[in-house]
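Visitor: This is final.cif (mmCIF, C-alpha atoms).
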```
data_final
loop_
_atom_site.label_atom_id
_atom_site.label_comp_id
_atom_site.auth_asym_id
_atom_site.auth_seq_id
_atom_site.Cartn_x
_atom_site.Cartn_y
_atom_site.Cartn_z
CA MET I 422 9.87 -7.45 4.43
CA ASP I 423 9.45 -11.05 5.41
CA PHE I 424 12.06 -13.05 7.17
CA ASP I 425 12.12 -16.51 5.70
CA TYR I 426 15.27 -18.32 4.69
CA PHE I 427 15.34 -17.02 1.13
CA SER I 428 14.56 -13.41 1.93
CA VAL I 429 17.27 -11.10 0.63
CA ASP I 430 16.02 -8.40 2.99
CA ALA I 431 16.61 -10.66 5.95
CA ILE I 432 20.15 -11.42 4.81
CA LEU I 433 20.87 -7.70 4.39
CA ALA I 434 19.39 -6.92 7.78
CA GLU I 435 21.59 -9.54 9.42
CA ASN I 436 24.65 -8.01 7.87
CA GLN I 437 24.55 -5.05 10.25
CA LYS I 438 27.23 -5.13 12.92
CA ILE I 439 26.65 -5.03 16.63
CA GLN I 440 29.18 -4.67 19.38
CA CYS I 441 29.76 -7.75 21.51
CA THR I 442 31.74 -7.98 24.74
CA PHE I 443 33.29 -11.39 25.24
CA LYS I 444 32.74 -13.08 28.58
CA GLN I 445 35.12 -15.94 27.91
CA GLU I 446 38.49 -16.25 26.34
CA ILE I 447 38.34 -17.77 22.90
CA LEU I 448 41.58 -19.52 22.05
CA GLY I 449 43.14 -19.18 18.64
CA MET I 450 40.35 -17.04 17.17
CA GLY I 451 41.97 -13.63 17.50
CA HIS I 452 42.32 -13.27 13.76
CA LEU I 453 38.53 -13.06 13.42
CA GLY I 454 38.55 -9.70 15.17
CA GLY I 455 41.03 -8.43 12.62
CA GLY I 456 43.82 -7.84 15.16
CA SER I 457 47.14 -9.55 15.55
CA GLU I 458 46.40 -11.19 18.91
CA ARG I 459 46.21 -14.93 19.01
CA ASN I 460 43.23 -15.23 21.33
CA ILE I 461 40.08 -13.22 21.93
CA ALA I 462 40.48 -11.97 25.48
CA ILE I 463 37.80 -11.62 28.14
CA GLN I 464 36.17 -8.17 28.09
CA SER I 465 37.40 -7.45 24.61
CA LYS I 466 34.91 -5.66 22.41
CA VAL I 467 34.41 -6.86 18.89
CA GLN I 468 32.07 -5.60 16.16
CA MET I 469 30.31 -8.57 14.70
CA PRO I 470 27.62 -9.03 12.07
CA ILE I 471 24.40 -10.26 13.62
CA TRP I 472 24.36 -13.54 11.76
CA MET I 473 27.54 -14.50 13.58
CA ALA I 474 26.59 -12.90 16.86
CA TYR I 475 23.50 -15.15 17.22
CA THR I 476 25.50 -18.27 17.93
CA ILE I 477 28.02 -16.55 20.14
CA ILE I 478 25.37 -14.87 22.26
CA TYR I 479 23.25 -17.99 22.62
CA SER I 480 26.31 -20.00 23.58
CA ASP I 481 26.86 -17.40 26.32
CA TRP I 482 30.37 -16.55 25.16
CA ALA I 483 29.57 -12.88 24.83
CA GLU I 484 26.96 -10.27 25.57
CA PHE I 485 25.97 -7.34 23.43
CA ASN I 486 24.83 -3.77 23.85
CA ILE I 487 21.82 -2.32 22.12
CA PRO I 488 23.33 -0.77 19.00
CA VAL I 489 23.34 2.99 18.47
CA PRO I 490 20.49 3.10 15.91
CA PHE I 491 18.20 1.86 18.68
CA GLY I 492 19.89 3.56 21.59
CA SER I 493 18.14 5.84 24.07
CA ARG I 494 18.99 8.99 22.10
CA VAL I 495 17.29 7.74 18.99
CA ARG I 496 14.39 6.36 20.99
CA ASN I 497 13.78 9.68 22.68
CA ALA I 498 13.94 11.48 19.36
CA LEU I 499 11.44 9.02 17.89
CA LYS I 500 9.17 9.43 20.86
CA ALA I 501 9.20 13.19 20.36
CA GLU I 502 8.53 13.19 16.62
CA PRO I 503 8.90 10.05 14.49
CA CYS I 504 8.95 11.97 11.21
CA SER I 505 11.98 14.08 12.05
CA VAL I 506 14.44 11.22 12.52
CA ARG I 507 16.51 10.24 9.51
CA LEU I 508 16.41 6.46 9.68
CA SER I 509 18.58 6.03 6.62
CA ASN I 510 21.46 7.83 8.32
CA LEU I 511 21.32 5.41 11.22
CA VAL I 512 21.88 2.25 9.23
CA GLY I 513 23.80 3.49 6.20
CA ALA I 514 22.77 3.55 2.54
CA GLY I 515 20.36 0.80 1.55
CA GLY I 516 20.00 -0.09 5.18
CA LEU I 517 16.96 -1.73 6.68
CA TRP I 518 16.34 0.00 9.99
CA TYR I 519 13.18 -1.97 10.66
CA GLY I 520 14.79 -5.21 9.56
CA PHE I 521 17.77 -4.56 11.79
CA GLY I 522 15.44 -3.76 14.68
CA LYS I 523 13.51 -6.94 14.07
CA THR I 524 16.63 -9.10 14.18
CA ILE I 525 17.81 -7.39 17.36
CA MET I 526 14.36 -7.83 18.85
CA ASP I 527 14.58 -11.57 18.25
CA ILE I 528 17.71 -11.96 20.37
CA LEU I 529 16.60 -9.71 23.22
CA SER I 530 14.94 -10.87 26.41
CA GLU I 531 11.15 -10.80 26.47
CA GLU I 532 10.82 -7.50 28.30
CA GLN I 533 13.34 -5.59 26.23
CA ALA I 534 11.93 -7.11 23.06
CA LYS I 535 8.48 -5.84 23.93
CA GLU I 536 9.81 -2.35 24.40
CA MET I 537 11.71 -2.59 21.13
CA SER I 538 8.65 -3.85 19.29
CA GLU I 539 6.67 -0.94 20.65
CA THR I 540 9.26 1.55 19.46
CA LEU I 541 9.40 -0.01 16.01
CA THR I 542 5.64 -0.24 15.62
CA LYS I 543 5.00 3.29 16.84
CA THR I 544 7.69 4.68 14.58
CA PHE I 545 6.38 2.83 11.57
CA LYS I 546 2.80 3.89 12.15
CA GLY I 547 3.84 7.44 12.88
CA ARG I 548 5.71 7.75 9.62
CA LEU I 549 3.40 5.70 7.41
CA VAL I 550 0.82 8.41 6.75
CA GLU I 551 3.52 10.91 5.84
CA VAL I 552 5.18 8.38 3.51
CA VAL I 553 1.93 7.69 1.67
CA ASP I 554 0.96 11.36 1.57
CA GLN I 555 4.20 12.30 -0.07
CA ALA I 556 4.03 9.36 -2.47
CA GLN I 557 0.59 10.48 -3.61
CA HIS I 558 1.75 14.05 -3.89
CA PHE I 559 4.56 12.96 -6.17
CA ALA I 560 2.27 10.77 -8.22
CA ALA I 561 0.05 13.81 -8.77
CA LEU I 562 3.00 15.96 -9.82
CA GLY I 563 4.05 13.54 -12.54
CA GLN I 564 7.46 13.78 -14.13
CA ALA I 565 7.88 17.53 -14.00
CA GLY I 566 8.43 19.36 -10.75
CA ALA I 567 9.75 16.33 -8.90
CA GLY I 568 12.85 18.23 -7.85
CA GLY I 569 11.67 20.47 -5.06
CA SER I 570 13.86 23.04 -3.40
CA ALA I 571 16.70 21.83 -1.24
CA GLY I 572 16.58 21.94 2.53
CA ASN I 573 12.81 21.85 3.01
CA SER I 574 11.48 19.40 5.51
CA PRO I 575 9.49 17.07 3.19
CA GLN I 576 12.64 16.50 1.21
CA ALA I 577 14.67 15.82 4.34
CA PHE I 578 12.02 13.34 5.38
CA ARG I 579 12.20 11.60 2.01
CA GLU I 580 15.95 11.31 2.22
CA GLY I 581 15.61 9.85 5.67
CA LEU I 582 13.40 6.96 4.61
CA ASP I 583 14.82 3.53 5.20
CA THR I 584 14.60 0.85 2.50
CA THR I 585 11.38 -0.64 3.82
CA GLU I 586 9.70 2.75 3.66
CA ARG I 587 11.15 3.46 0.25
CA GLU I 588 9.48 0.34 -1.08
CA LEU I 589 6.18 1.47 0.38
CA PHE I 590 6.69 4.91 -1.09
CA SER I 591 7.17 3.54 -4.58
CA LEU I 592 4.22 1.15 -4.25
CA ALA I 593 1.92 3.97 -3.19
CA GLN I 594 3.27 6.28 -5.87
CA GLN I 595 2.83 3.80 -8.71
CA SER I 596 -0.62 2.85 -7.58
CA ALA I 597 -1.77 6.44 -7.28
CA LYS I 598 -0.28 7.24 -10.66
CA ARG I 599 -2.01 4.35 -12.40
CA THR I 600 -5.36 5.19 -10.89
CA LYS I 601 -4.97 8.86 -11.73
CA ASN I 602 -4.04 8.05 -15.33
CA TRP I 603 -7.09 5.90 -15.65
CA TYR I 604 -9.39 8.58 -14.29
CA GLU I 605 -7.96 11.20 -16.60
CA GLU I 606 -7.51 9.37 -19.88
CA SER I 607 -10.42 8.93 -22.20
CA GLY I 608 -9.97 5.48 -23.68
CA ARG I 609 -12.76 6.05 -26.20
CA ALA I 610 -10.80 8.33 -28.48
CA ASN I 611 -9.58 5.47 -30.65
CA HIS I 612 -12.98 3.86 -31.22
CA MET M 16 8.11 -14.38 -11.80
CA ALA M 17 8.59 -12.37 -14.92
CA LEU M 18 5.69 -10.01 -14.31
CA PRO M 19 6.72 -6.44 -13.56
CA GLN M 20 6.39 -5.45 -9.91
CA SER M 21 3.46 -3.16 -10.62
CA LEU M 22 1.37 -5.99 -12.04
CA ARG M 23 2.18 -8.43 -9.27
CA VAL M 24 0.59 -6.47 -6.46
CA SER M 25 -2.85 -5.84 -7.90
CA VAL M 26 -4.89 -5.68 -11.07
CA THR M 27 -4.79 -2.55 -13.20
CA PRO M 28 -7.62 -0.02 -13.52
CA PRO M 29 -8.28 -0.97 -17.18
CA GLU M 30 -8.71 -4.59 -16.05
CA LEU M 31 -11.26 -3.48 -13.49
CA GLU M 32 -13.03 -1.53 -16.19
CA LEU M 33 -13.16 -4.70 -18.26
CA VAL M 34 -14.68 -6.60 -15.35
CA ALA M 35 -17.22 -3.85 -14.79
CA SER M 36 -18.18 -3.95 -18.46
CA GLN M 37 -19.93 -7.27 -17.82
CA GLN M 38 -22.60 -5.56 -15.74
CA LEU M 39 -25.97 -5.05 -17.28
CA VAL M 40 -27.28 -1.63 -18.16
CA GLU M 41 -30.50 -0.51 -19.75
CA ILE M 42 -30.49 0.86 -23.25
CA VAL M 43 -33.04 2.22 -25.63
CA PRO M 44 -32.05 0.59 -28.92
CA LEU M 45 -32.41 2.41 -32.20
CA ILE M 46 -32.08 -0.79 -34.25
CA ALA M 47 -33.90 -4.09 -34.11
CA MET M 48 -31.97 -7.25 -33.37
CA GLU M 49 -32.99 -10.83 -32.67
CA LYS M 50 -31.99 -12.55 -29.47
CA THR M 51 -28.32 -13.33 -29.93
CA ALA M 52 -26.12 -15.76 -28.02
CA PHE M 53 -22.75 -14.56 -26.73
CA ILE M 54 -20.24 -16.44 -24.61
CA SER M 55 -21.48 -14.68 -21.47
CA GLY M 56 -25.16 -15.27 -22.27
CA ALA M 57 -27.95 -14.47 -24.67
CA TYR M 58 -29.06 -10.85 -24.97
CA GLY M 59 -31.89 -9.24 -26.80
CA PRO M 60 -34.12 -9.17 -28.65
CA LEU M 61 -33.83 -5.44 -29.31
CA ARG M 62 -37.14 -3.91 -30.32
CA PRO M 63 -37.14 -0.14 -30.51
CA PRO M 64 -38.45 1.78 -28.66
CA ASN M 65 -38.62 -0.82 -25.86
CA LYS M 66 -35.86 -0.78 -23.30
CA ALA M 67 -33.50 -3.74 -23.18
CA LYS M 68 -30.87 -4.93 -20.73
CA VAL M 69 -27.47 -5.63 -22.22
CA PRO M 70 -23.94 -5.75 -20.82
CA LEU M 71 -22.10 -2.46 -20.62
CA TRP M 72 -19.55 -3.43 -23.29
CA MET M 73 -22.33 -4.06 -25.76
CA ALA M 74 -24.09 -0.85 -24.86
CA VAL M 75 -20.84 1.05 -25.42
CA ASN M 76 -20.33 -0.65 -28.75
CA LEU M 77 -23.84 0.17 -29.94
CA LYS M 78 -23.65 3.69 -28.59
CA LEU M 79 -20.44 4.40 -30.48
CA LYS M 80 -22.21 3.31 -33.66
CA LYS M 81 -25.13 5.56 -32.68
CA LYS M 82 -27.46 2.60 -32.48
CA CYS M 83 -28.76 3.11 -28.95
CA HIS M 84 -29.20 5.51 -26.05
CA ILE M 85 -27.87 4.38 -22.69
CA VAL M 86 -30.30 4.79 -19.78
CA ALA M 87 -28.31 5.97 -16.78
CA PRO M 88 -28.40 3.66 -13.74
CA GLU M 89 -30.58 5.02 -10.94
CA TRP M 90 -27.51 6.16 -8.98
CA LEU M 91 -25.95 8.12 -11.83
CA ASN M 92 -27.75 11.43 -11.52
CA VAL M 93 -27.19 14.75 -9.83
CA GLU M 94 -29.67 14.31 -6.92
CA PHE M 95 -28.43 10.91 -5.84
CA LEU M 96 -24.76 11.82 -6.07
CA GLN M 97 -25.29 15.15 -4.32
CA GLU M 98 -26.93 13.31 -1.44
CA ARG M 99 -24.00 10.89 -1.27
CA VAL M 100 -21.51 13.73 -1.24
CA ASN M 101 -23.41 15.29 1.66
CA LEU M 102 -23.41 11.98 3.52
CA GLU M 103 -19.76 11.46 2.76
CA THR M 104 -18.72 14.82 4.15
CA THR M 105 -20.86 14.64 7.29
CA GLN M 106 -20.59 10.97 8.30
CA PRO M 107 -17.36 9.34 9.45
CA THR M 108 -18.08 6.09 7.55
CA PHE M 109 -18.04 5.40 3.83
CA SER M 110 -21.47 5.79 2.29
CA HIS M 111 -23.00 2.95 0.34
CA LEU M 112 -22.44 3.00 -3.40
CA PRO M 113 -22.45 0.25 -6.04
CA LEU M 114 -19.23 -1.77 -5.92
CA ARG M 115 -18.11 -0.76 -9.39
CA PHE M 116 -19.62 2.70 -9.56
CA ALA M 117 -16.37 4.44 -10.49
CA GLU M 118 -15.75 2.27 -13.54
CA ILE M 119 -19.33 2.30 -14.80
CA ALA M 120 -19.71 6.03 -14.26
CA LYS M 121 -16.54 6.76 -16.16
CA VAL M 122 -17.42 4.54 -19.10
CA ILE M 123 -20.90 6.02 -19.42
CA LEU M 124 -19.62 9.58 -19.05
CA ASP M 125 -16.98 8.90 -21.68
CA VAL M 126 -19.23 7.53 -24.39
CA ALA M 127 -22.74 8.63 -23.53
CA SER M 128 -22.52 11.95 -21.76
CA ASN M 129 -25.23 13.28 -24.10
CA ASP M 130 -27.66 10.71 -22.66
CA LEU M 131 -27.22 12.14 -19.16
CA ASP M 132 -28.70 15.25 -17.60
CA ASN M 133 -26.02 17.72 -16.67
CA PRO M 134 -22.94 15.49 -17.21
CA ASP M 135 -20.51 18.20 -16.06
CA LYS M 136 -22.21 18.45 -12.69
CA ILE M 137 -22.12 14.66 -12.38
CA ARG M 138 -18.42 14.66 -13.19
CA SER M 139 -17.63 17.22 -10.55
CA LEU M 140 -19.79 15.41 -7.96
CA LEU M 141 -17.99 12.15 -8.69
CA LYS M 142 -14.73 13.95 -8.19
CA ASP M 143 -15.87 15.40 -4.86
CA LEU M 144 -16.96 11.95 -3.83
CA ARG M 145 -13.61 10.47 -4.73
CA GLU M 146 -11.71 13.11 -2.81
CA ALA M 147 -13.86 12.83 0.29
CA ARG M 148 -13.45 9.06 0.30
CA GLN M 149 -9.71 9.30 -0.29
CA ALA M 150 -9.37 11.50 2.77
CA LYS M 151 -11.16 8.85 4.79
CA SER M 152 -8.97 6.01 3.61
CA ARG M 153 -5.98 8.17 4.53
CA ASP M 154 -7.38 8.47 8.05
CA GLY M 155 -7.82 4.70 8.04
CA LEU M 156 -4.11 4.34 7.40
CA LYS M 157 -3.41 5.89 10.80
CA GLU M 158 -5.45 3.19 12.50
CA LEU M 159 -3.82 0.40 10.52
CA ASP M 160 -3.43 -2.81 12.45
CA HIS M 161 -1.26 -5.81 11.62
CA SER M 162 -3.94 -8.47 11.75
CA GLU M 163 -7.20 -7.17 10.37
CA LEU M 164 -8.71 -4.52 8.20
CA SER M 165 -12.36 -3.91 7.55
CA LEU M 166 -13.39 -1.60 4.74
CA PRO M 167 -17.18 -1.60 4.50
CA ASN M 168 -18.60 0.10 1.41
CA LEU M 169 -15.24 0.76 -0.19
CA CYS M 170 -15.49 0.34 -3.95
CA SER M 171 -13.41 -1.85 -6.22
CA MET M 172 -11.42 0.97 -7.74
CA GLU M 173 -10.61 2.46 -4.35
CA ILE M 174 -9.64 -0.90 -2.87
CA ASN M 175 -7.44 -1.48 -5.86
CA GLU M 176 -5.70 1.84 -5.39
CA ILE M 177 -4.86 1.33 -1.73
CA ARG M 178 -4.23 -2.40 -1.90
CA PRO M 179 -0.49 -2.43 -2.72
CA TYR M 180 0.66 -0.24 0.13
CA PHE M 181 -1.92 -1.31 2.70
CA VAL M 182 -0.87 -4.94 2.19
CA GLN M 183 2.81 -4.08 2.33
CA ALA M 184 2.38 -1.93 5.43
CA MET M 185 0.48 -4.70 7.16
CA ASN M 186 3.22 -7.17 6.24
CA VAL M 187 5.79 -4.93 7.85
CA LEU M 188 3.66 -4.46 10.95
CA THR M 189 3.24 -8.22 11.26
CA GLN M 190 7.01 -8.50 11.42
CA LEU M 191 7.38 -5.73 13.96
CA VAL M 192 4.65 -6.71 16.38
CA ARG M 193 5.87 -8.97 19.11
CA ASN M 194 4.33 -12.43 18.84
CA PRO M 195 2.88 -13.66 22.10
CA VAL M 196 4.13 -17.19 21.35
CA PRO M 197 7.92 -17.42 21.34
CA ASP M 198 9.64 -19.10 18.44
CA PRO M 199 9.90 -22.85 19.21
CA LEU M 200 13.46 -22.98 17.84
CA ARG M 201 14.72 -20.68 20.51
#
```
Let me see whether you can do it: turn the structure in this file into structure tokens.

Guide:
Amino acid sequence: MDFDYFSVDAILAENQKIQCTFKQEILGMGHLGGGSERNIAIQSKVQMPIWMAYTIIYSDWAEFNIPVPFGSRVRNALKAEPCSVRLSNLVGAGGLWYGFGKTIMDILSEEQAKEMSETLTKTFKGRLVEVVDQAQHFAALGQAGAGGSAGNSPQAFREGLDTTERELFSLAQQSAKRTKNWYEESGRANH
Amino acid sequence: MALPQSLRVSVTPPELELVASQQLVEIVPLIAMEKTAFISGAYGPLRPPNKAKVPLWMAVNLKLKKKCHIVAPEWLNVEFLQERVNLETTQPTFSHLPLRFAEIAKVILDVASNDLDNPDKIRSLLKDLREARQAKSRDGLKELDHSELSLPNLCSMEINEIRPYFVQAMNVLTQLVRNPVPDPLR
């Protein structure tokens, strides 16, 4: 997850929509909101992808609310127990919760951004050990037995991983598997 | 890059084993050989029953042809490893072991277990050691920081195992931590 110009992750993260409230009337741009009005009226609320919202917010044409995936409800839940929140549900399939948070953080004021950063960092650290633990567990299981019974909490946690965490999961799993294979095989049989 | 993802993040355990095979071990040769030049250096002469120092790969090769006995390194025995296991389970830090002990121990156990005293006990001690150290690196994950990581006494095989996800996790944390200096473009 790096955020340079060519990063596909960054592009995907910027594709999430946030709700903006216009402070000024924008003439002749009503079609962008998808409606039939000619102009975008003051106080009208429009869902906009972040990549477009940047310019509009910096130009002071609109303001935005903190989107639901980072709202106070989610924050409180994360504060209580990071591992029990399903991040993937918050941002949709293939969504980058952390990436989304990072892009939001970049357009927030200093104080809010600090708070946001703290939430993101704490959540990530809180879930990291569990992610790696489960990855290693699955590496040890091998192919068989990877199903697991439905409805148990480790499985719910796995389904709730966001894309960033999924990548970590697979890295840890592959690495553990390779090392385990090496420890167990006896490469001398063919000599 | 055309390399598969798994090879991009770190080297593989067999590659580490290859690197470790360059290290010198002592053997008791059963054949005589003149000093011979290899790409990595000249080894020999072998004069039984005098001990000689040769690289691990050569020792393995000779051993498989039953032309030498491998003398175990001073750390590859039950007493030493038992002491390390005790240290490992009582101290919070990683105990000191040779950098490539896991690779060397495995190679020697694979080909020359009959040259060792009590190889089964050694195997199980090595396993205990590995598990105790794994538990510690898991604890280290909780303390992970975005900017630095110090792993004194961690061995090459262990570093290699945790490298992919530690690096990735630190990358993510770097993105999430608020930089004190604001972006100049803003």

Visitor: Quick one: contact table of chain I to chain M, 7 Å max, nearest atom pair and distance in Å to one decimal per residue, counting all atoms listed in the file, chain and number order, as a Markdown table?

Guide:
```
| residue | atom | partner | partner_atom | distance |
| --- | --- | --- | --- | --- |
| I:Met422 | CA | M:Val187 | CA | 5.9 |
| I:Asp423 | CA | M:Gln190 | CA | 7.0 |
| I:Lys523 | CA | M:Leu191 | CA | 6.2 |
| I:Lys535 | CA | M:Arg193 | CA | 6.3 |
| I:Ser538 | CA | M:Val192 | CA | 5.7 |
| I:Leu541 | CA | M:Leu191 | CA | 6.4 |
| I:Thr542 | CA | M:Leu191 | CA | 6.0 |
| I:Lys546 | CA | M:Lys157 | CA | 6.7 |
| I:Val550 | CA | M:Lys157 | CA | 6.4 |
| I:Leu589 | CA | M:Tyr180 | CA | 5.8 |
| I:Leu592 | CA | M:Tyr180 | CA | 5.8 |
| I:Ala593 | CA | M:Tyr180 | CA | 5.5 |
| I:Ser596 | CA | M:Glu176 | CA | 5.6 |
| I:Ala597 | CA | M:Glu176 | CA | 6.3 |
| I:Thr600 | CA | M:Pro28 | CA | 6.3 |
| I:Trp603 | CA | M:Pro28 | CA | 6.3 |
| I:Ser607 | CA | M:Asp125 | CA | 6.6 |
| I:Arg609 | CA | M:Asp125 | CA | 6.8 |
```

Visitor: Would you mind exporting C-alpha atoms of the selected residues as a PDB file, keeping the file's coordinate frame?

Guide:
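out_21.pdb written:
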```
ATOM      1  CA  MET I 422       9.870  -7.450   4.430  1.00  0.00           C
ATOM      2  CA  ASP I 423       9.450 -11.050   5.410  1.00  0.00           C
ATOM      3  CA  LYS I 523      13.510  -6.940  14.070  1.00  0.00           C
ATOM      4  CA  LYS I 535       8.480  -5.840  23.930  1.00  0.00           C
ATOM      5  CA  SER I 538       8.650  -3.850  19.290  1.00  0.00           C
ATOM      6  CA  LEU I 541       9.400  -0.010  16.010  1.00  0.00           C
ATOM      7  CA  THR I 542       5.640  -0.240  15.620  1.00  0.00           C
ATOM      8  CA  LYS I 546       2.800   3.890  12.150  1.00  0.00           C
ATOM      9  CA  VAL I 550       0.820   8.410   6.750  1.00  0.00           C
ATOM     10  CA  LEU I 589       6.180   1.470   0.380  1.00  0.00           C
ATOM     11  CA  LEU I 592       4.220   1.150  -4.250  1.00  0.00           C
ATOM     12  CA  ALA I 593       1.920   3.970  -3.190  1.00  0.00           C
ATOM     13  CA  SER I 596      -0.620   2.850  -7.580  1.00  0.00           C
ATOM     14  CA  ALA I 597      -1.770   6.440  -7.280  1.00  0.00           C
ATOM     15  CA  THR I 600      -5.360   5.190 -10.890  1.00  0.00           C
ATOM     16  CA  TRP I 603      -7.090   5.900 -15.650  1.00  0.00           C
ATOM     17  CA  SER I 607     -10.420   8.930 -22.200  1.00  0.00           C
ATOM     18  CA  ARG I 609     -12.760   6.050 -26.200  1.00  0.00           C
TER      19      ARG I 609
END
```

Visitor: The PyMOL selection byres ((chain I and resi 459) around 8) - which residues does that actually catch in the file I just gave you? List them as a compact mmCIF listing (two decimals) with C-alpha atoms, keeping the file's coordinate frame.

Guide:
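That gives us expr07.txt:
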```txt
# COMPACT_ATOMS: atom_id res chain seq x y z
CA LEU I 448 41.58 -19.52 22.05
CA GLY I 449 43.14 -19.18 18.64
CA MET I 450 40.35 -17.04 17.17
CA GLY I 451 41.97 -13.63 17.50
CA HIS I 452 42.32 -13.27 13.76
CA SER I 457 47.14 -9.55 15.55
CA GLU I 458 46.40 -11.19 18.91
CA ASN I 460 43.23 -15.23 21.33
CA ILE I 461 40.08 -13.22 21.93
```

Visitor: Of the candidates M:Arg115, M:Arg148, M:Lys66, M:Arg99, which shows the shortest atom-to-atom distance to Cys83 of chain M, using only C-alpha atoms?

Guide: M:Lys66

Visitor: Find the spatial neighbours of Met469 of chain I, counting only C-alpha atoms, within a cut-off of 7 Å - ignore same-chain residues fewer than 4 positions away - and output them as a list in words.

Guide: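 Listing them by chain and then by number gives Lys438, Ile439, Gln440, Cys441, Met473 and Ala474 of chain I.
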
Visitor: Produce a file of the selected residues containing C-alpha atoms, as a short mmCIF file (atom, residue, chain, number, x, y, z; two decimals), keeping the file's coordinate frame.

Guide:
```
data_model
loop_
_atom_site.label_atom_id
_atom_site.label_comp_id
_atom_site.auth_asym_id
_atom_site.auth_seq_id
_atom_site.Cartn_x
_atom_site.Cartn_y
_atom_site.Cartn_z
CA LYS I 438 27.23 -5.13 12.92
CA ILE I 439 26.65 -5.03 16.63
CA GLN I 440 29.18 -4.67 19.38
CA CYS I 441 29.76 -7.75 21.51
CA MET I 473 27.54 -14.50 13.58
CA ALA I 474 26.59 -12.90 16.86
#
```

Visitor: When you draw a straight line from atom CA of Ser152 of chain M to atom CA of Thr108 of chain M, how long is it in Å?

Guide: 9.9 Å

Visitor: Write out as a list of chain:residue names the residues lying within 6 Å of segment 165-171 of chain M, counting all atoms listed in the file and excluding same-chain residues fewer than 5 positions away.

Guide: M:Phe109, M:His111, M:Leu114, M:Arg115

Visitor: Take the residues from that selection and put them in a file with C-alpha atoms, as a JSON list (two decimals), keeping the file's coordinate frame.

Guide:
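Result written to part-v1.json:
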```json
[["chain", "number", "residue", "atom", "x", "y", "z"],
["M", 109, "PHE", "CA", -18.04, 5.40, 3.83],
["M", 111, "HIS", "CA", -23.00, 2.95, 0.34],
["M", 114, "LEU", "CA", -19.23, -1.77, -5.92],
["M", 115, "ARG", "CA", -18.11, -0.76, -9.39]]
```

Visitor: Taking the block above, write segment 113-132 of chain M with C-alpha atoms as a PDB file, in the first residue's frame.

Guide:
```pdb
ATOM      1  CA  PRO M 113      25.124 -18.814  15.114  1.00  0.00           C
ATOM      2  CA  LEU M 114      23.483 -16.825  12.313  1.00  0.00           C
ATOM      3  CA  ARG M 115      22.858 -19.841  10.116  1.00  0.00           C
ATOM      4  CA  PHE M 116      22.364 -22.467  12.787  1.00  0.00           C
ATOM      5  CA  ALA M 117      19.006 -23.670  11.455  1.00  0.00           C
ATOM      6  CA  GLU M 118      20.334 -24.426   7.979  1.00  0.00           C
ATOM      7  CA  ILE M 119      23.565 -26.053   9.125  1.00  0.00           C
ATOM      8  CA  ALA M 120      21.834 -28.118  11.780  1.00  0.00           C
ATOM      9  CA  LYS M 121      19.289 -29.400   9.308  1.00  0.00           C
ATOM     10  CA  VAL M 122      21.856 -30.331   6.677  1.00  0.00           C
ATOM     11  CA  ILE M 123      24.033 -32.164   9.180  1.00  0.00           C
ATOM     12  CA  LEU M 124      21.054 -33.939  10.746  1.00  0.00           C
ATOM     13  CA  ASP M 125      19.856 -34.966   7.301  1.00  0.00           C
ATOM     14  CA  VAL M 126      23.060 -36.519   6.036  1.00  0.00           C
ATOM     15  CA  ALA M 127      25.175 -37.252   9.072  1.00  0.00           C
ATOM     16  CA  SER M 128      22.862 -38.023  11.949  1.00  0.00           C
ATOM     17  CA  ASN M 129      24.965 -41.124  12.687  1.00  0.00           C
ATOM     18  CA  ASP M 130      27.950 -38.863  13.430  1.00  0.00           C
ATOM     19  CA  LEU M 131      26.022 -37.103  16.200  1.00  0.00           C
ATOM     20  CA  ASP M 132      25.267 -38.211  19.729  1.00  0.00           C
TER      21      ASP M 132
END
```
